[in-house]
Structures are given as structure tokens and as C-alpha cells.
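Colleague: Take this structure first; my questions come after.
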Amino acid sequence: MSAMINSVLTNQFFLMFLAIATGLLIGKIKIGSFSLGVSGGIFTGIVIGYFVTKWAHTVEEGQKYYNSTAKRILSTGVVAQAFFTFFLLLFLVSIGMKVGGSIGAIFKKYGSKFVVIGVSIPVVSLIAACVLYGTVLSGNEAITPFETIGMYAGAMTTTPGYGTALDAAGQVDYKELYENYSAEDKEKMLLKIDPSGSLTVEDTPSLNEEQVAAYKEAAASSISLGYTVAFPIGVLVIVVMETLLPKVFRIDMEKEREKYQKELEENMAGEKKMKPQPLNFMILSFVAIIGIAVGSITIPLGGFGSFSLGAAGGVLLAALILSYVGQIGPVNFRMEDKSLGIMYQMGLTFFMAVVGLRYGYDVVMSLMGSGLSLAIAAIFVEAAAVLVSFLIGHYIFKLNWIILSGAIAGGCTSAPGLGAAISSTGSEEPTAGYGAAQPFAILANVLLATLFFHFFL
């Protein structure tokens with residue numbers, strides 16, 4: 001009996017459906033006009049993911065269920081990464097194809113404003129991270145510039161930024177850096193190399209190759225720690241802010257939708273209209289294939305590392321562009337809204353639940369353990385950037401919240417943020433803002449992660 005219960009309670013599919021069912025149930029609860037909607041799956045997923053992973057940590061090697069269940073959970077997660085990627089791509093290709101027809105009109109009206117929103121969020125985030133490190137975090141001996149840049153990348157949920165930070169940290173000339181450091185800073189470097197404290201400044205006038213390699217390894221570990229702690233926090237912050245901002249600033253969602261629709265119709269006047277075809281999985285698959293190929297293209301940026309959209313960014317971009325083009329030869333890329341709506345809702349619902357399940361344990365442990373300072377810093381870093389970009393977009397650019405919510409999620413390179421924007425606005429149109437702002441945010445993250453080391457090392 002216990003074996004059957006264990007098999008059910010740790011089954012990946014059971015856990016996904018449990019997180020979805022309970023999440024949607026919680027999402028229906030309204031406090032005034034506020035509700036979580038489909039984002040509820042993240043929060044129930046976090047709770048479920050935490051307890052399942054905590055159980056796995058209590059099972060020791062050799063004990064019952066270790067090889068059959070606990071080992072798998074600890075090595076690959078409560079649910080596999082493949083589910084995360086698949087449902088993310090399903091969501092993005094469906095929503096991109098659904099709203100792509102209007103992206104031309106959106107660019108005609110808003111143009112470079114998307115660039116400003118996309119770049120401003122990473123810039124403000126890094127400034128906030130630097131200020132926090134210079135005023136608060138540097139007083140904590142366990143936090144160095146490496147943990148700080150990792151925290152920044154995690155708060156921005158930017159894997160390219162994280163990768164660039166790791167690469168940039170590996171390119172620094174630590175031999176020369178050590179020789180130019182003060183005795184106090186040299187001591188901190190030596191503690192990174194050998195935490196036991198056996199290395200002293202007096203006995204180490206310069207670093208040898210082995211010590212440099214050890215320091216690079218320690219730096220990479222510190223960056224990864226900051227990223228791991230801050231990433232799930234970054235996911236939660238953007239989801240919550242996308243839901244709360246229109247409530248706090250008393251944005252009338254019904255009026256915003258009506259106003260946006262009117263603006264869209266005016267800017268689409270004269271554009272060629274095409275008859276949509278029924279849902280075609282072959283075409284959807286080809287769009288995804290093209291997107292993954294585009295996302296895998298790496299553009300070198302010299303001393304600043306490299307830039308790529310990744311699979312998610314590539315798939316969304318391909319879906320938006322091909323849907324906008326409409327038809328190439330005999331191939332019609334426009335499909336019925338209702339069918340695509342069902343597809344993206346399914347992808348989004350599963351994706352939100354998987355995010356919570358995979359990162360639930362990390363979220364709770366970061367708030368309970370030694371990473372608390374970095375977790376709190378990540379909240380401030382992302383919240384400050386989102387708030388500044390909202391103020392710029394809403395009050396200076398006069399952007400409609402429907403499109404601004406997507407651009408903010410794109411500036412945070414956060415697909416869960418886009419899901420929250422779609423849920424809170426009751427419209428799929430935030431996707432266009434997301435797709436327009438995200439590439440500029442990715443590029444900014446890559447450049448800023450490299451520049452960070454020029455100022456703090």
C-alpha cells in the first residue's frame with residue numbers, strides 16, 4: 001500500500017495535474033477585483049514542489065525509494081526539464097501565431113518605445129544591484145561581486161546574462177588583479193581559493209596558475225549561487241507585480257482593452273486581411289523548428305561575449321513574424337483564434353505549474369537559509385526596475401497597459417511574467433509587447449553582465 005501511495009505522490013504527471021487543479025481553484029478566489037488566475041499554479045506548485053523535494057532529501061542512499069524515486073527528484077527535479085521546455089515552447093508558438101497578425105500595427109504606433117522599455121529594465125536592475133552591493137551587501141563577508149552579478153542575472157531570469165557573467169569572470173587577469181589589491185582584498189581572494197585560511201598574504205606575494213584556476217572555479221560557483229537563489233524569486237516578483245500594478249495604480253482594464261482595440265483597428269486600416277485556416281499542427285511544427293534554429297544562432301560581440309535569443313525567444317519571434325507575413329506561397333500561417341487560444345491556454349497552464357514545481361524548494365530554502373540577503377536583494381532589484389519601467393511607459397510614453405504589461409515582461413525576459421500579463425489583462429495582446437522588448441533586454445543583459453566586472457573587480 002505504501003509503495004502505491006509513494007508511486008502516486010511522486011508521479012510527475014500526478015503532481016502537474018495536482019498543481020494545476022489546486023492552482024486554478026486558488027486563482028478563482030477574488031479579493032476585491034484581485035485574483036491570481038492561471039498564475040495560481042505557480043504558487044501551488046511551489047508548495048507541492050517544496051514538500052516533495054524535502055521528502056527526497058530525507059531518503060538516504062540504500063533506503064527504500066532512494067533509487068526508484070528520491071534520486072530522480074534530486075538529480076532532475078520534481079518534474080523533468082523537458083516538460084518545462086516543451087510547455088513553454090507550446091505556449092509561445094501558439095500565442096505568437098495568434099497575435100502576430102497585429103504586430104505590424106503595434107510597431108507602427110509604438111516603435112522605439114519598446115526598445116527603451118526592453119533596455120531600461122536591465123539597466124535599472126544592474127544599477128540597483130550595484131547600489132545594494134556598495135551600501136549593504138558588501139558588509140556581508142559571504143557576498144562578493146560574484147554573488148551580486150549572479151543575483152542580478154537570476155532576478156532578471158536571464159540565462160544569457162548568467163552565461164555571460166560566467167564567461168566574463170573566467171576572462172579576468174586575476175594574477176594582475178591580486179598584485180594591485182590592498183592587503184585586505186588579497187586576504188578575501190585567498191579565502192576564496194582556500195576557505196581553511198591556510199594561505200596568508202605574507203606567504204603569497206603572487207598567485208600561481210593552480211591558485212588562479214581555483215579562484216576562477218570559486219568565482220563561477222559564487223555566480224551560480226547568486227543566480228540559483230535569485231532566479232525563482234525573480235519569477236515570483238514579476239508575476240506578482242504584473243497582477244498588482246494595475247490594481248495599485250487603479251487602471252481600468254475594461255477601458256484599456258477598449259482603447260487598445262480602437263488604436264489597433266486604426267493602425268491596421270488598409271492592411272491586407274487573410275482568411276484563417278483550421279489549426280494545422282504541421283505548420284505549427286515548422287514554425288517551431290524555424291524558431292529553434294533562429295534561437296540557436298550566436299552573434300559574437302567581441303569583448304562583450306555573444307548574443308542569442310535561445311529556443312524560447314527564437315520560437316516566439318518566428319511565430320510573430322510568420323503570422324504577420326500571413327502567407328508564403330501556398331503556406332498559410334494564419335490560423336483560427338479559437339484553436340490557437342486553446343493551445344496557448346493549455347501550454348501556459350502547464351508551464352506555470354511546472355515552474356512552481358521545479359523551483360519550489362529553492363524558493364523556500366533561499367528565504368529560510370543563508371541566501372536570504374540575496375533573495376531580499378533580488379526582490380528589490382527587480383521590483384525597482386519594473387516600477388521604473390512602468391512609470392516611464394505609463395506616464396511618459398502613455399502606453400496602454402495591455403501592451404505595456406507585455407513589454408515589461410519582455411524586459412524581464414520572463415515567460416511566466418507574460419503569462420501573468422495575459423491572465424491579468426484578459427487579453428493575448430501583451431505577447432506583441434513581450435516579443436518586441438525581449439530581444440533588446442537579452443542584448444542589454446549580455447552587455448551589462450560584462451561591463452559589471454570592469455567596475456567591481
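Ligands are numbered from 1 in the order shown, chains are lettered A, B, ... in the order of the C-alpha cells, and residues start at 1 in each chain.
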Can you pull out every residue within 12 Å of Tyr181 (chain A), counting only C-alpha atoms, but drop anything in the same chain fewer than 5 positions away, and send it as a short mmCIF file (atom, residue, chain, number, x, y, z; two decimals) with C-alpha atoms, in the first residue's frame?

Modeller:
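Generated output (out-v2.cif):
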```cif
data_model
loop_
_atom_site.label_atom_id
_atom_site.label_comp_id
_atom_site.auth_asym_id
_atom_site.auth_seq_id
_atom_site.Cartn_x
_atom_site.Cartn_y
_atom_site.Cartn_z
CA TYR A 174 43.41 37.55 -11.52
CA LYS A 175 47.20 37.46 -11.23
CA GLU A 176 47.45 41.15 -12.05
CA LYS A 186 44.13 39.97 -1.12
CA GLU A 187 43.03 38.19 2.03
CA LYS A 188 39.48 37.89 0.67
CA MET A 189 40.81 36.41 -2.58
CA LEU A 190 42.91 33.87 -0.69
CA VAL A 201 49.07 37.49 2.31
CA PRO A 205 53.11 37.57 -2.87
CA SER A 206 51.53 36.43 -6.17
CA LEU A 457 36.97 43.98 -9.81
#
```

Colleague: Give one line per residue of region 35-87 of chain A that approaches region 312-324 of chain A to at most 12 Å, naming the two atoms of the closest pair and their distance in Å to one decimal, counting only C-alpha atoms; sort by chain then ascending residue number and deliver it as CSV.

Modeller:
```
residue,atom,partner,partner_atom,distance
A:Phe84,CA,A:Ala312,CA,11.1
A:Thr85,CA,A:Ala312,CA,8.2
A:Phe86,CA,A:Ala312,CA,9.8
A:Phe87,CA,A:Ala312,CA,10.5
```

Colleague: Report as a Markdown table the residues of region 130-192 of chain A within 10 Å of region 238-252 of chain A, each with its shortest atom pair and distance in Å (one decimal), using only C-alpha atoms, ordered by chain and increasing residue number.

Modeller:
```
| residue | atom | partner | partner_atom | distance |
| --- | --- | --- | --- | --- |
| A:Ala155 | CA | A:Ile238 | CA | 9.3 |
| A:Met156 | CA | A:Ile238 | CA | 9.3 |
| A:Thr157 | CA | A:Ile238 | CA | 9.9 |
```

Colleague: Using N, CA and C atoms, can you write the selected residues to a file as a tab-separated table (two decimals), in the first residue's frame?

Modeller:
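Result written to part.tsv:
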```tsv
chain	number	residue	atom	x	y	z
A	155	ALA	N	17.60	37.49	-10.82
A	155	ALA	CA	16.43	38.37	-10.67
A	155	ALA	C	15.83	38.73	-12.02
A	156	MET	N	16.69	38.86	-13.03
A	156	MET	CA	16.23	39.16	-14.38
A	156	MET	C	15.84	37.89	-15.16
A	157	THR	N	15.94	36.74	-14.50
A	157	THR	CA	15.68	35.43	-15.12
A	157	THR	C	16.34	35.33	-16.50
```

Colleague: Pick from A:Gly150, A:Gly371, A:Gly329, A:Gly49: nearest to Ala220 (chain A), with only C-alpha atoms counted?

Modeller: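 Ranking A:Gly150, A:Gly371, A:Gly329, A:Gly49 by distance to Ala220 (chain A), first place goes to A:Gly150.
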
Colleague: Expressed in Å to a single decimal, how great is the separation between CA of Cys412 (chain A) and CA of Phe17 (chain A)?

Modeller: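 A separation of 27.7 Å between them.
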
Colleague: Which polymer residues have any atom within 12 Å of an atom of region 102-105 of chain A, counting only C-alpha atoms, with same-chain residues fewer than 2 positions away left out, as a CSV table (one decimal) with N, CA and C atoms, in the first residue's frame?

Modeller:
```csv
chain,number,residue,atom,x,y,z
A,96,GLY,N,2.2,33.4,-30.2
A,96,GLY,CA,2.8,34.2,-31.2
A,96,GLY,C,2.0,34.1,-32.5
A,97,MET,N,1.6,32.9,-32.9
A,97,MET,CA,0.8,32.8,-34.1
A,97,MET,C,-0.6,33.5,-34.0
A,98,LYS,N,-1.1,33.5,-32.7
A,98,LYS,CA,-2.4,34.1,-32.5
A,98,LYS,C,-2.4,35.6,-32.7
A,99,VAL,N,-1.4,36.3,-32.2
A,99,VAL,CA,-1.4,37.8,-32.2
A,99,VAL,C,-0.4,38.4,-33.2
A,100,GLY,N,0.3,37.5,-33.9
A,100,GLY,CA,1.3,38.0,-34.9
A,100,GLY,C,0.7,38.9,-36.0
A,107,PHE,N,3.9,48.0,-34.0
A,107,PHE,CA,5.2,48.7,-34.2
A,107,PHE,C,5.1,50.1,-34.8
A,108,LYS,N,4.0,50.1,-35.7
A,108,LYS,CA,3.8,51.4,-36.4
A,108,LYS,C,3.4,52.5,-35.3
A,109,LYS,N,2.7,52.1,-34.3
A,109,LYS,CA,2.3,53.1,-33.3
A,109,LYS,C,3.3,53.3,-32.2
A,110,TYR,N,4.0,52.2,-31.7
A,110,TYR,CA,4.8,52.4,-30.6
A,110,TYR,C,6.3,52.4,-30.9
A,111,GLY,N,6.7,51.8,-31.9
A,111,GLY,CA,8.1,51.8,-32.4
A,111,GLY,C,9.2,51.7,-31.4
A,260,TYR,N,-7.3,50.1,-26.5
A,260,TYR,CA,-6.3,49.4,-27.2
A,260,TYR,C,-6.9,48.8,-28.5
A,261,GLN,N,-8.0,48.2,-28.5
A,261,GLN,CA,-8.7,47.7,-29.6
A,261,GLN,C,-8.9,48.7,-30.7
A,262,LYS,N,-9.4,49.9,-30.2
A,262,LYS,CA,-9.6,51.0,-31.1
A,262,LYS,C,-8.3,51.5,-31.8
A,263,GLU,N,-7.2,51.6,-31.0
A,263,GLU,CA,-5.9,52.0,-31.6
A,263,GLU,C,-5.5,51.0,-32.6
A,264,LEU,N,-5.7,49.7,-32.3
A,264,LEU,CA,-5.2,48.6,-33.2
A,264,LEU,C,-6.0,48.7,-34.5
A,265,GLU,N,-7.3,48.9,-34.4
A,265,GLU,CA,-8.1,48.9,-35.7
A,265,GLU,C,-7.7,50.1,-36.5
A,266,GLU,N,-7.4,51.3,-35.9
A,266,GLU,CA,-7.0,52.5,-36.6
A,266,GLU,C,-5.7,52.2,-37.4
A,267,ASN,N,-4.7,51.6,-36.7
A,267,ASN,CA,-3.4,51.4,-37.3
A,267,ASN,C,-3.4,50.2,-38.3
A,268,MET,N,-4.4,49.3,-38.2
A,268,MET,CA,-4.4,48.2,-39.1
A,268,MET,C,-5.2,48.5,-40.4
A,269,ALA,N,-5.8,49.7,-40.4
A,269,ALA,CA,-6.6,50.1,-41.6
A,269,ALA,C,-5.8,50.0,-42.8
A,270,GLY,N,-6.3,49.4,-43.8
A,270,GLY,CA,-5.5,49.3,-45.1
A,270,GLY,C,-4.7,48.1,-45.2
A,271,GLU,N,-4.4,47.4,-44.1
A,271,GLU,CA,-3.6,46.2,-44.1
A,271,GLU,C,-4.4,45.0,-44.7
A,272,LYS,N,-3.7,44.1,-45.4
A,272,LYS,CA,-4.3,43.0,-46.1
A,272,LYS,C,-4.9,42.0,-45.1
A,273,LYS,N,-6.2,41.6,-45.2
A,273,LYS,CA,-6.8,40.7,-44.3
A,273,LYS,C,-6.8,39.3,-45.0
A,317,LEU,N,9.7,34.8,-31.8
A,317,LEU,CA,10.0,35.7,-32.9
A,317,LEU,C,9.5,35.2,-34.2
A,319,ALA,N,7.2,32.9,-34.7
A,319,ALA,CA,5.7,32.8,-34.7
A,319,ALA,C,5.1,34.2,-35.0
A,320,LEU,N,5.6,35.2,-34.4
A,320,LEU,CA,5.1,36.6,-34.6
A,320,LEU,C,5.3,37.0,-36.0
A,321,ILE,N,6.5,36.8,-36.6
A,321,ILE,CA,6.8,37.3,-37.9
A,321,ILE,C,6.1,36.5,-39.0
A,322,LEU,N,6.1,35.2,-38.9
A,322,LEU,CA,5.4,34.4,-39.9
A,322,LEU,C,3.9,34.6,-39.9
A,323,SER,N,3.3,34.8,-38.7
A,323,SER,CA,1.9,35.1,-38.6
A,323,SER,C,1.6,36.5,-39.2
A,324,TYR,N,2.5,37.4,-39.0
A,324,TYR,CA,2.3,38.8,-39.6
A,324,TYR,C,2.4,38.7,-41.1
A,325,VAL,N,3.4,38.0,-41.6
A,325,VAL,CA,3.5,37.8,-43.1
A,325,VAL,C,2.3,37.2,-43.6
A,326,GLY,N,1.8,36.2,-42.9
A,326,GLY,CA,0.5,35.6,-43.3
A,326,GLY,C,0.6,34.4,-44.2
A,334,ARG,N,-1.8,31.9,-41.0
A,334,ARG,CA,-2.9,32.4,-40.1
A,334,ARG,C,-3.8,31.3,-39.8
A,403,ILE,N,-0.5,46.6,-23.7
A,403,ILE,CA,0.8,46.3,-24.4
A,403,ILE,C,2.0,46.6,-23.5
A,428,GLU,N,-4.7,38.5,-25.1
A,428,GLU,CA,-3.5,37.9,-25.6
A,428,GLU,C,-2.5,38.9,-26.1
A,429,GLU,N,-2.9,40.1,-26.3
A,429,GLU,CA,-2.1,41.1,-26.9
A,429,GLU,C,-0.8,41.5,-26.2
A,430,PRO,N,-0.7,41.3,-24.9
A,430,PRO,CA,0.6,41.6,-24.3
A,430,PRO,C,1.8,40.8,-24.9
A,431,THR,N,1.5,39.8,-25.6
A,431,THR,CA,2.5,39.0,-26.3
A,431,THR,C,3.3,39.8,-27.3
A,432,ALA,N,2.6,40.7,-28.0
A,432,ALA,CA,3.3,41.5,-29.0
A,432,ALA,C,4.3,42.4,-28.3
A,433,GLY,N,4.0,43.0,-27.2
A,433,GLY,CA,4.9,43.8,-26.4
A,433,GLY,C,6.1,43.0,-25.9
A,434,TYR,N,5.8,41.8,-25.5
A,434,TYR,CA,6.8,40.9,-25.0
A,434,TYR,C,7.8,40.6,-26.1
A,435,GLY,N,7.3,40.2,-27.2
A,435,GLY,CA,8.2,39.8,-28.4
A,435,GLY,C,9.0,41.0,-28.9
A,436,ALA,N,8.5,42.2,-28.8
A,436,ALA,CA,9.2,43.4,-29.2
A,436,ALA,C,10.3,43.8,-28.3
```

Colleague: Please report as a tab-separated table every residue of region 215-280 of chain A lying within 12 Å of region 194-197 of chain A, along with the nearest atom pair and their distance in Å (one decimal), using only C-alpha atoms.

Modeller:
```
residue	atom	partner	partner_atom	distance
A:Tyr215	CA	A:Asp194	CA	8.8
A:Glu217	CA	A:Asp194	CA	11.5
A:Ala218	CA	A:Asp194	CA	9.4
```

Colleague: Using only C-alpha atoms, which residues sit within 8 Å of region 53-61 of chain A once same-chain residues fewer than 6 positions away are excluded, as a list in words?

Modeller: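 Non-adjacent residues within range: Asn67, Thr69, Ala70, Lys71, Ile73, Leu74, Gly77, Val78 and Tyr361 of chain A.
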
Colleague: Quick one: residues within 6 Å of region 440-452 of chain A, only C-alpha atoms counted, chain neighbours fewer than 3 positions away excluded, as a PyMOL selection string?

Modeller: chain A and resi 118-119+122+161+164-165+168+304+411+437+455

Colleague: Near Ile46 (chain A), counting only C-alpha atoms, which residues have an atom at most 8 Å away, once you skip same-chain residues fewer than 4 positions from it, shown as an mmCIF file with C-alpha atoms, in the first residue's frame?

Modeller:
```cif
data_model
loop_
_atom_site.group_PDB
_atom_site.id
_atom_site.type_symbol
_atom_site.label_atom_id
_atom_site.label_comp_id
_atom_site.auth_asym_id
_atom_site.auth_seq_id
_atom_site.Cartn_x
_atom_site.Cartn_y
_atom_site.Cartn_z
ATOM 1 C CA ILE A 42 2.980 28.722 -9.704
ATOM 2 C CA TYR A 50 8.955 22.088 -1.753
ATOM 3 C CA GLY A 356 6.388 26.227 -9.372
ATOM 4 C CA LEU A 357 7.130 22.509 -9.035
ATOM 5 C CA ARG A 358 10.704 22.830 -10.294
ATOM 6 C CA TYR A 359 11.678 25.876 -8.224
ATOM 7 C CA GLY A 360 9.510 25.477 -5.120
ATOM 8 C CA TYR A 361 12.240 24.004 -2.922
ATOM 9 C CA VAL A 363 12.359 29.469 -3.262
#
```

Colleague: Could you please write out, as a ChimeraX atom specification, every residue of region 153-302 of chain A that DSSP assigns to helix (DSSP H, G or I)?

Modeller: /A:153-155,159-171,174-180,183-193,209-248,253-267,281-295,302

Colleague: Closest to Glu184 (chain A) among A:Pro300, A:Glu202, A:Asn400, A:His394, using only C-alpha atoms?

Modeller: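 When distances to Glu184 (chain A) are compared using only C-alpha atoms, the smallest one comes from A:Glu202.
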
Colleague: Give me the residues within 12 Å of Cys130 (chain A) as a list in words, counting only C-alpha atoms and dropping any in the same chain fewer than 4 places off.

Modeller: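 So the residues in contact are Val123, Val124, Ser125, Leu126, Gly134, Thr135, Val136, Leu137, Ser138, Thr144, Pro145, Phe146, Glu147, Thr148, Ile149, Gly150, Met151, Tyr152, Ala377, Ala378, Phe380, Val381, Leu448, Ala449, Leu451, Phe452, Phe453, Phe455 and Phe456 of chain A.
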
Colleague: Take the residues from that selection and write them out as a compact mmCIF listing (two decimals), in the first residue's frame, keeping C-alpha atoms.

Modeller:
```
# COMPACT_ATOMS: atom_id res chain seq x y z
CA VAL A 123 19.89 48.90 -16.74
CA VAL A 124 17.86 49.91 -13.67
CA SER A 125 18.23 46.40 -12.25
CA LEU A 126 22.00 46.47 -12.53
CA GLY A 134 28.10 49.12 -2.41
CA THR A 135 25.90 50.06 0.54
CA VAL A 136 24.56 46.87 2.13
CA LEU A 137 25.70 43.56 0.67
CA SER A 138 29.45 44.27 0.77
CA THR A 144 31.20 39.31 -3.17
CA PRO A 145 30.75 40.90 -6.61
CA PHE A 146 30.38 37.37 -7.99
CA GLU A 147 27.30 36.54 -5.91
CA THR A 148 25.96 40.00 -6.75
CA ILE A 149 26.16 39.63 -10.55
CA GLY A 150 24.68 36.14 -10.23
CA MET A 151 21.84 37.60 -8.17
CA TYR A 152 21.25 40.24 -10.86
CA ALA A 377 18.12 41.95 -2.75
CA ALA A 378 16.65 40.18 -5.79
CA PHE A 380 14.32 44.93 -4.56
CA VAL A 381 16.39 44.78 -7.78
CA LEU A 448 25.79 44.76 -18.74
CA ALA A 449 26.99 41.47 -17.24
CA LEU A 451 30.61 45.69 -18.01
CA PHE A 452 29.95 44.85 -14.35
CA PHE A 453 33.40 43.28 -13.95
CA PHE A 455 33.76 48.41 -12.33
CA PHE A 456 33.73 45.96 -9.42
```

Colleague: Considering only C-alpha atoms, can you say which of A:Gly163, A:Gly226, A:Gly393, A:Gly170 comes closest to Val212 (chain A)?

Modeller: A:Gly170
